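Peer 1: Got a structure for you, run32.cif, holding mmCIF, C-alpha atoms.
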data_input
loop_
_atom_site.group_PDB
_atom_site.id
_atom_site.type_symbol
_atom_site.label_atom_id
_atom_site.label_comp_id
_atom_site.auth_asym_id
_atom_site.auth_seq_id
_atom_site.Cartn_x
_atom_site.Cartn_y
_atom_site.Cartn_z
ATOM 1 C CA MET A 1 -9.723 -4.762 -13.547
ATOM 2 C CA GLU A 2 -7.163 -4.939 -16.361
ATOM 3 C CA SER A 3 -3.455 -4.192 -16.260
ATOM 4 C CA TRP A 4 -0.340 -4.553 -18.381
ATOM 5 C CA LYS A 5 2.260 -7.271 -17.902
ATOM 6 C CA ASN A 6 5.243 -7.111 -20.249
ATOM 7 C CA GLY A 7 3.211 -5.082 -22.720
ATOM 8 C CA VAL A 8 0.295 -7.536 -22.726
ATOM 9 C CA LYS A 9 -3.120 -6.579 -21.380
ATOM 10 C CA ALA A 10 -4.243 -9.017 -18.690
ATOM 11 C CA PRO A 11 -6.641 -9.214 -15.724
ATOM 12 C CA PHE A 12 -5.319 -8.183 -12.322
ATOM 13 C CA PHE A 13 -6.514 -10.245 -9.368
ATOM 14 C CA TRP A 14 -5.542 -9.378 -5.812
ATOM 15 C CA ASP A 15 -5.386 -12.605 -3.821
ATOM 16 C CA THR A 16 -5.383 -11.036 -0.371
ATOM 17 C CA ASP A 17 -4.733 -14.334 1.388
ATOM 18 C CA LYS A 18 -1.454 -14.870 -0.460
ATOM 19 C CA VAL A 19 -0.402 -11.246 -0.953
ATOM 20 C CA PRO A 20 -1.927 -9.072 1.772
ATOM 21 C CA HIS A 21 -0.277 -5.694 1.156
ATOM 22 C CA ILE A 22 -0.082 -3.223 -1.769
ATOM 23 C CA LEU A 23 2.130 -0.237 -2.550
ATOM 24 C CA LEU A 24 0.752 2.096 -5.216
ATOM 25 C CA SER A 25 3.094 4.814 -6.444
ATOM 26 C CA GLY A 26 3.130 7.208 -9.371
ATOM 27 C CA ILE A 27 3.387 10.690 -10.754
ATOM 28 C CA THR A 28 0.986 13.516 -9.901
ATOM 29 C CA GLY A 29 -2.134 13.141 -12.018
ATOM 30 C CA GLY A 30 -1.146 9.619 -12.999
ATOM 31 C CA GLY A 31 -4.363 8.059 -11.725
ATOM 32 C CA LYS A 32 -3.246 6.618 -8.380
ATOM 33 C CA THR A 33 -6.348 7.674 -6.476
ATOM 34 C CA ILE A 34 -8.725 6.547 -9.227
ATOM 35 C CA LEU A 35 -7.109 3.111 -9.347
ATOM 36 C CA ALA A 36 -7.129 2.871 -5.552
ATOM 37 C CA GLN A 37 -10.820 3.793 -5.475
ATOM 38 C CA MET A 38 -11.612 1.128 -8.064
ATOM 39 C CA ILE A 39 -9.977 -1.503 -5.864
ATOM 40 C CA VAL A 40 -11.623 -0.175 -2.696
ATOM 41 C CA ASN A 41 -15.059 -0.125 -4.341
ATOM 42 C CA GLN A 42 -14.642 -3.785 -5.236
ATOM 43 C CA LEU A 43 -13.725 -4.562 -1.626
ATOM 44 C CA LEU A 44 -16.751 -2.621 -0.387
ATOM 45 C CA SER A 45 -19.001 -4.513 -2.792
ATOM 46 C CA GLU A 46 -17.877 -7.638 -0.937
ATOM 47 C CA HIS A 47 -18.676 -5.953 2.409
ATOM 48 C CA LYS A 48 -15.076 -5.819 3.620
ATOM 49 C CA SER A 49 -14.159 -3.736 6.665
ATOM 50 C CA ILE A 50 -12.136 -0.750 5.450
ATOM 51 C CA SER A 51 -10.451 2.150 7.235
ATOM 52 C CA ILE A 52 -9.263 5.081 5.110
ATOM 53 C CA CYS A 53 -6.672 7.725 5.968
ATOM 54 C CA ASP A 54 -6.322 10.677 3.588
ATOM 55 C CA PHE A 55 -3.459 12.711 5.012
ATOM 56 C CA LYS A 56 -3.700 15.617 2.561
ATOM 57 C CA ALA A 57 -7.494 15.775 2.872
ATOM 58 C CA GLY A 58 -8.023 16.035 -0.860
ATOM 59 C CA GLY A 59 -11.720 15.193 -0.617
ATOM 60 C CA ASP A 60 -11.393 12.034 -2.709
ATOM 61 C CA TRP A 61 -12.244 9.595 0.076
ATOM 62 C CA ASP A 62 -14.534 11.326 2.567
ATOM 63 C CA SER A 63 -17.795 9.699 1.449
ATOM 64 C CA ILE A 64 -16.533 6.160 0.867
ATOM 65 C CA SER A 65 -16.162 4.711 4.360
ATOM 66 C CA SER A 66 -17.424 5.671 7.812
ATOM 67 C CA ASN A 67 -13.974 4.754 9.160
ATOM 68 C CA TYR A 68 -12.324 7.806 7.650
ATOM 69 C CA ALA A 69 -9.753 10.349 8.830
ATOM 70 C CA GLU A 70 -7.889 13.334 7.421
ATOM 71 C CA TYR A 71 -4.598 15.014 8.307
ATOM 72 C CA LYS A 72 -3.776 14.787 12.052
ATOM 73 C CA ASN A 73 -6.846 12.637 12.698
ATOM 74 C CA CYS A 74 -5.034 9.886 10.797
ATOM 75 C CA ASP A 75 -3.072 9.266 14.015
ATOM 76 C CA LYS A 76 -6.198 8.198 15.878
ATOM 77 C CA LEU A 77 -7.546 6.002 13.087
ATOM 78 C CA LEU A 78 -4.178 4.303 12.628
ATOM 79 C CA ASP A 79 -3.971 3.653 16.375
ATOM 80 C CA THR A 80 -7.484 2.182 16.344
ATOM 81 C CA PHE A 81 -6.548 -0.107 13.451
ATOM 82 C CA TYR A 82 -3.305 -1.161 15.118
ATOM 83 C CA ASN A 83 -4.898 -1.784 18.518
ATOM 84 C CA SER A 84 -7.520 -3.959 16.835
ATOM 85 C CA PHE A 85 -4.695 -5.870 15.161
ATOM 86 C CA VAL A 86 -2.905 -6.452 18.479
ATOM 87 C CA GLU A 87 -6.152 -7.552 20.118
ATOM 88 C CA THR A 88 -6.764 -10.029 17.291
ATOM 89 C CA ILE A 89 -3.293 -11.498 17.859
ATOM 90 C CA GLU A 90 -3.878 -11.781 21.598
ATOM 91 C CA GLN A 91 -7.169 -13.567 20.977
ATOM 92 C CA LYS A 92 -5.475 -15.844 18.427
ATOM 93 C CA SER A 93 -8.286 -15.118 15.999
ATOM 94 C CA LYS A 94 -8.559 -13.687 12.491
ATOM 95 C CA SER A 95 -10.437 -10.624 11.254
ATOM 96 C CA GLU A 96 -10.339 -9.362 7.664
ATOM 97 C CA GLN A 97 -9.490 -5.654 7.919
ATOM 98 C CA TYR A 98 -8.083 -3.192 5.379
ATOM 99 C CA LEU A 99 -6.224 0.079 5.954
ATOM 100 C CA ILE A 100 -6.093 2.362 2.914
ATOM 101 C CA PHE A 101 -3.602 5.202 3.419
ATOM 102 C CA ASP A 102 -3.429 7.916 0.754
ATOM 103 C CA GLU A 103 -0.248 10.034 0.802
ATOM 104 C CA PHE A 104 1.399 7.778 3.363
ATOM 105 C CA SER A 105 4.890 9.101 2.614
ATOM 106 C CA SER A 106 3.863 12.691 3.350
ATOM 107 C CA TYR A 107 2.270 11.521 6.584
ATOM 108 C CA ALA A 108 5.359 9.591 7.676
ATOM 109 C CA LEU A 109 7.739 12.438 6.858
ATOM 110 C CA SER A 110 5.620 14.877 8.888
ATOM 111 C CA LYS A 111 6.634 13.038 12.074
ATOM 112 C CA ASP A 112 9.537 13.917 14.343
ATOM 113 C CA ASN A 113 12.145 11.227 15.015
ATOM 114 C CA LYS A 114 10.379 9.678 18.008
ATOM 115 C CA GLU A 115 6.966 9.678 16.327
ATOM 116 C CA PHE A 116 8.457 8.241 13.140
ATOM 117 C CA LYS A 117 10.054 5.324 15.003
ATOM 118 C CA GLU A 118 6.769 4.590 16.764
ATOM 119 C CA LEU A 119 4.919 4.716 13.441
ATOM 120 C CA MET A 120 7.388 2.375 11.749
ATOM 121 C CA ALA A 121 7.152 -0.082 14.641
ATOM 122 C CA LYS A 122 3.390 -0.332 14.108
ATOM 123 C CA ILE A 123 3.619 -0.550 10.319
ATOM 124 C CA SER A 124 6.373 -3.159 10.532
ATOM 125 C CA HIS A 125 4.326 -5.254 12.946
ATOM 126 C CA ILE A 126 1.297 -5.246 10.647
ATOM 127 C CA ALA A 127 3.369 -5.724 7.483
ATOM 128 C CA PHE A 128 5.126 -8.811 8.835
ATOM 129 C CA MET A 129 2.260 -10.442 10.738
ATOM 130 C CA GLY A 130 -0.870 -9.068 9.083
ATOM 131 C CA ARG A 131 -1.255 -11.950 6.671
ATOM 132 C CA SER A 132 -1.692 -14.474 9.480
ATOM 133 C CA PHE A 133 -4.425 -12.449 11.179
ATOM 134 C CA GLY A 134 -6.267 -10.918 8.216
ATOM 135 C CA TYR A 135 -4.932 -7.344 8.354
ATOM 136 C CA ARG A 136 -4.063 -5.753 5.001
ATOM 137 C CA LEU A 137 -2.227 -2.524 4.157
ATOM 138 C CA PHE A 138 -2.780 -0.536 0.965
ATOM 139 C CA PHE A 139 -0.485 2.495 0.805
ATOM 140 C CA VAL A 140 -0.674 5.177 -1.890
ATOM 141 C CA SER A 141 1.979 7.848 -2.442
ATOM 142 C CA GLN A 142 4.057 9.565 -5.110
ATOM 143 C CA GLN A 143 7.123 7.635 -3.989
ATOM 144 C CA PHE A 144 8.279 5.175 -1.340
ATOM 145 C CA ASN A 145 11.968 5.748 -0.748
ATOM 146 C CA SER A 146 14.203 4.452 2.035
ATOM 147 C CA LYS A 147 13.406 7.482 4.196
ATOM 148 C CA VAL A 148 9.801 6.302 4.412
ATOM 149 C CA LEU A 149 9.906 2.498 4.279
ATOM 150 C CA ASP A 150 13.093 0.515 4.708
ATOM 151 C CA THR A 151 13.768 -2.470 2.477
ATOM 152 C CA ALA A 152 12.605 -5.077 4.997
ATOM 153 C CA ILE A 153 9.180 -3.446 5.368
ATOM 154 C CA ARG A 154 8.845 -2.554 1.691
ATOM 155 C CA GLU A 155 9.449 -6.137 0.626
ATOM 156 C CA GLN A 156 6.436 -7.289 2.667
ATOM 157 C CA PHE A 157 4.257 -5.493 0.115
ATOM 158 C CA GLY A 158 3.917 -8.277 -2.432
ATOM 159 C CA ILE A 159 2.136 -6.109 -5.007
ATOM 160 C CA LYS A 160 3.877 -2.925 -6.083
ATOM 161 C CA MET A 161 2.357 -0.699 -8.750
ATOM 162 C CA PHE A 162 3.521 2.429 -10.514
ATOM 163 C CA MET A 163 1.180 4.748 -12.405
ATOM 164 C CA GLY A 164 2.764 6.805 -15.166
ATOM 165 C CA SER A 165 4.582 6.662 -18.476
ATOM 166 C CA THR A 166 8.069 7.184 -17.013
ATOM 167 C CA ILE A 167 9.712 6.280 -13.730
ATOM 168 C CA SER A 168 12.833 7.652 -12.056
ATOM 169 C CA THR A 169 15.766 5.317 -11.508
ATOM 170 C CA GLU A 170 15.449 5.785 -7.732
ATOM 171 C CA SER A 171 11.752 4.902 -7.694
ATOM 172 C CA ALA A 172 12.276 1.906 -9.960
ATOM 173 C CA THR A 173 15.125 0.638 -7.788
ATOM 174 C CA MET A 174 13.046 0.989 -4.632
ATOM 175 C CA LEU A 175 9.857 -0.564 -5.990
ATOM 176 C CA PHE A 176 11.272 -3.156 -8.373
ATOM 177 C CA PRO A 177 14.746 -4.108 -7.082
ATOM 178 C CA ASN A 178 14.974 -7.291 -9.159
ATOM 179 C CA CYS A 179 14.554 -5.524 -12.497
ATOM 180 C CA ASP A 180 16.959 -4.177 -15.069
ATOM 181 C CA ILE A 181 16.082 -0.501 -15.154
ATOM 182 C CA ASP A 182 16.034 2.309 -17.638
ATOM 183 C CA LYS A 183 13.884 5.429 -17.363
ATOM 184 C CA SER A 184 10.953 3.981 -19.280
ATOM 185 C CA ILE A 185 8.299 1.739 -17.743
ATOM 186 C CA GLN A 186 8.558 -0.358 -20.893
ATOM 187 C CA GLY A 187 12.255 -0.799 -20.116
ATOM 188 C CA LEU A 188 11.605 -2.727 -16.920
ATOM 189 C CA LYS A 189 12.499 -6.318 -17.680
ATOM 190 C CA LYS A 190 11.668 -9.088 -15.274
ATOM 191 C CA ARG A 191 14.577 -11.061 -13.936
ATOM 192 C CA ASN A 192 13.595 -14.248 -12.088
ATOM 193 C CA MET A 193 10.677 -12.497 -10.374
ATOM 194 C CA LYS A 194 7.375 -13.987 -9.307
ATOM 195 C CA ILE A 195 4.551 -12.340 -11.207
ATOM 196 C CA GLN A 196 2.741 -11.052 -8.098
ATOM 197 C CA ASN A 197 5.802 -9.045 -7.102
ATOM 198 C CA ILE A 198 5.536 -6.539 -9.939
ATOM 199 C CA LEU A 199 2.635 -4.994 -11.767
ATOM 200 C CA GLN A 200 3.446 -2.566 -14.546
ATOM 201 C CA ILE A 201 0.693 -0.155 -15.538
ATOM 202 C CA ASN A 202 1.305 1.842 -18.694
ATOM 203 C CA LEU A 203 -0.835 4.864 -19.457
#
Do you think you could lay out the structure here as structure tokens?
Peer 2:
Amino acid sequence: MESWKNGVKAPFFWDTDKVPHILLSGITGGGKTILAQMIVNQLLSEHKSISICDFKAGGDWDSISSNYAEYKNCDKLLDTFYNSFVETIEQKSKSEQYLIFDEFSSYALSKDNKEFKELMAKISHIAFMGRSFGYRLFFVSQQFNSKVLDTAIREQFGIKMFMGSTISTESATMLFPNCDIDKSIQGLKKRNMKIQNILQINL
């Protein structure tokens, strides 16, 4: 797959051992789901174990993986994924597992306060310790603000992508905190940042 880095077209390689988690954000119709499906199809071609949650049940994912859930059923699939993660830790083993979550922000914001705290505890646990035990998170949403993922969790996602020709100041600040920001994707300028921590995709 090809991407843009500082205006130059270049290959994009996801080294899941070094950078286990991805955040993919962008405007409506910007191509988030298509890009996510491209990545997932490559993982499936390598026979990886993938669980997919599609909170808004848009029909984009229902024939890709047998481990699939929509809307409220995402609770059960997430619990299954998390319990498997905890069991792997207890056994001191490693199991390569991927959780793809489309419209994660909408899902998180649908929770009441107690449910939200429980959800964040699980996500935080996987985000911080998943690399050591083979568990990867790939979250897709229009935006990931502080109401959804706090800074500590968000910074565990070593690859952050934005799909679209423009980006709001808030979104840019949340996703790319080490960049000088204007309202154009082309205006994001790296400032002492490792290359895997930002991926700019211009349409």
Peer 1: By how many Å are atom CA of A:Asn41 and atom CA of A:Phe85 apart?
Peer 2: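 Interatomic distance here is 22.8 Å.
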Peer 1: How close does stretch 63-132 of chain A get to stretch 29-36 of chain A? List, as CSV, each residue of stretch 63-132 of chain A within 12 Å, its nearest atom pair and the distance in Å to one decimal, counting only C-alpha atoms.
Peer 2:
residue,atom,partner,partner_atom,distance
A:Ile64,CA,A:Ala36,CA,11.9
A:Leu99,CA,A:Ala36,CA,11.9
A:Ile100,CA,A:Ala36,CA,8.5
A:Phe101,CA,A:Ala36,CA,9.9
A:Asp102,CA,A:Thr33,CA,7.8
A:Glu103,CA,A:Thr33,CA,9.8
Peer 1: Atoms to include: C-alpha atoms. Write the selected residues as a PDB file, in the coordinates of the input.
Peer 2:
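The resulting again.pdb:
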ATOM      1  CA  ILE A  64     -16.533   6.160   0.867  1.00  0.00           C
ATOM      2  CA  LEU A  99      -6.224   0.079   5.954  1.00  0.00           C
ATOM      3  CA  ILE A 100      -6.093   2.362   2.914  1.00  0.00           C
ATOM      4  CA  PHE A 101      -3.602   5.202   3.419  1.00  0.00           C
ATOM      5  CA  ASP A 102      -3.429   7.916   0.754  1.00  0.00           C
ATOM      6  CA  GLU A 103      -0.248  10.034   0.802  1.00  0.00           C
TER       7      GLU A 103
END
Peer 1: I'd like the interatomic distance between atom CA of A:Leu137 and atom CA of A:Lys160, to a tenth of an Å.
Peer 2: 11.9 Å
Peer 1: Select, from A:Asn67, A:Ser146, A:Thr16, A:Gln156, the residue with the minimum atom-to-atom distance to A:Asp54, counting all atoms listed in the file.
Peer 2: A:Asn67
Peer 1: Apply the PyMOL selection byres ((chain A and resi 69) around 12) to the file shown and report the selected residues as a ChimeraX atom specification.
Peer 2: /A:50-68,70-81,99-102
Peer 1: Which residue out of A:Phe116, A:Phe176, A:Tyr82, A:Phe162 has the minimum interatomic distance to A:Gln142 when all atoms listed in the file are used?
Peer 2: A:Phe162
Peer 1: Between atom CA of A:Thr28 and atom CA of A:Lys122, what is the spacing in Å?
Peer 2: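 Between atom CA of A:Lys122 and atom CA of A:Thr28 the gap is 27.8 Å.
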Peer 1: Go through the shown structure with the PyMOL selection byres ((chain A and resi 125-131) around 8) and write out the matching residues as a count of residues only.
Peer 2: 20
Peer 1: With all atoms listed in the file as the atoms that count, which of A:Ser106, A:Gln42, A:Thr166, A:Ser93 lies nearest to A:Trp14?
Peer 2: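 Looking at the shortest contact to A:Trp14, the residue is A:Gln42.
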Peer 1: Can you pull out every residue within 8 Å of A:Ala108, counting only C-alpha atoms, but drop anything in the same chain fewer than 3 positions away, and send it as number ranges by chain?
Peer 2: A: 104-105, 111, 116, 119, 148
Peer 1: Show me, as AutoDock Vina command-line options, the centre and edge lengths in Å to one decimal of the axis-aligned box that covers every listed atom of stretch 42-54 of chain A with 5 Å on each side.
Peer 2:
--center_x -12.7 --center_y 1.5 --center_z 1.0 --size_x 22.7 --size_y 28.3 --size_z 22.5
Peer 1: Which residue gives the smallest distance to A:Leu109 among A:Gln143, A:Ser45, A:Ser168, A:Ser25, with only C-alpha atoms counted?
Peer 2: A:Gln143
Peer 1: Kindly indicate which residue among A:Phe138, A:Phe13, A:Lys114, A:Asn145 lies nearest to A:Thr169, using only C-alpha atoms for the distances.
Peer 2: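 Ranking A:Phe138, A:Phe13, A:Lys114, A:Asn145 by distance to A:Thr169, first place goes to A:Asn145.
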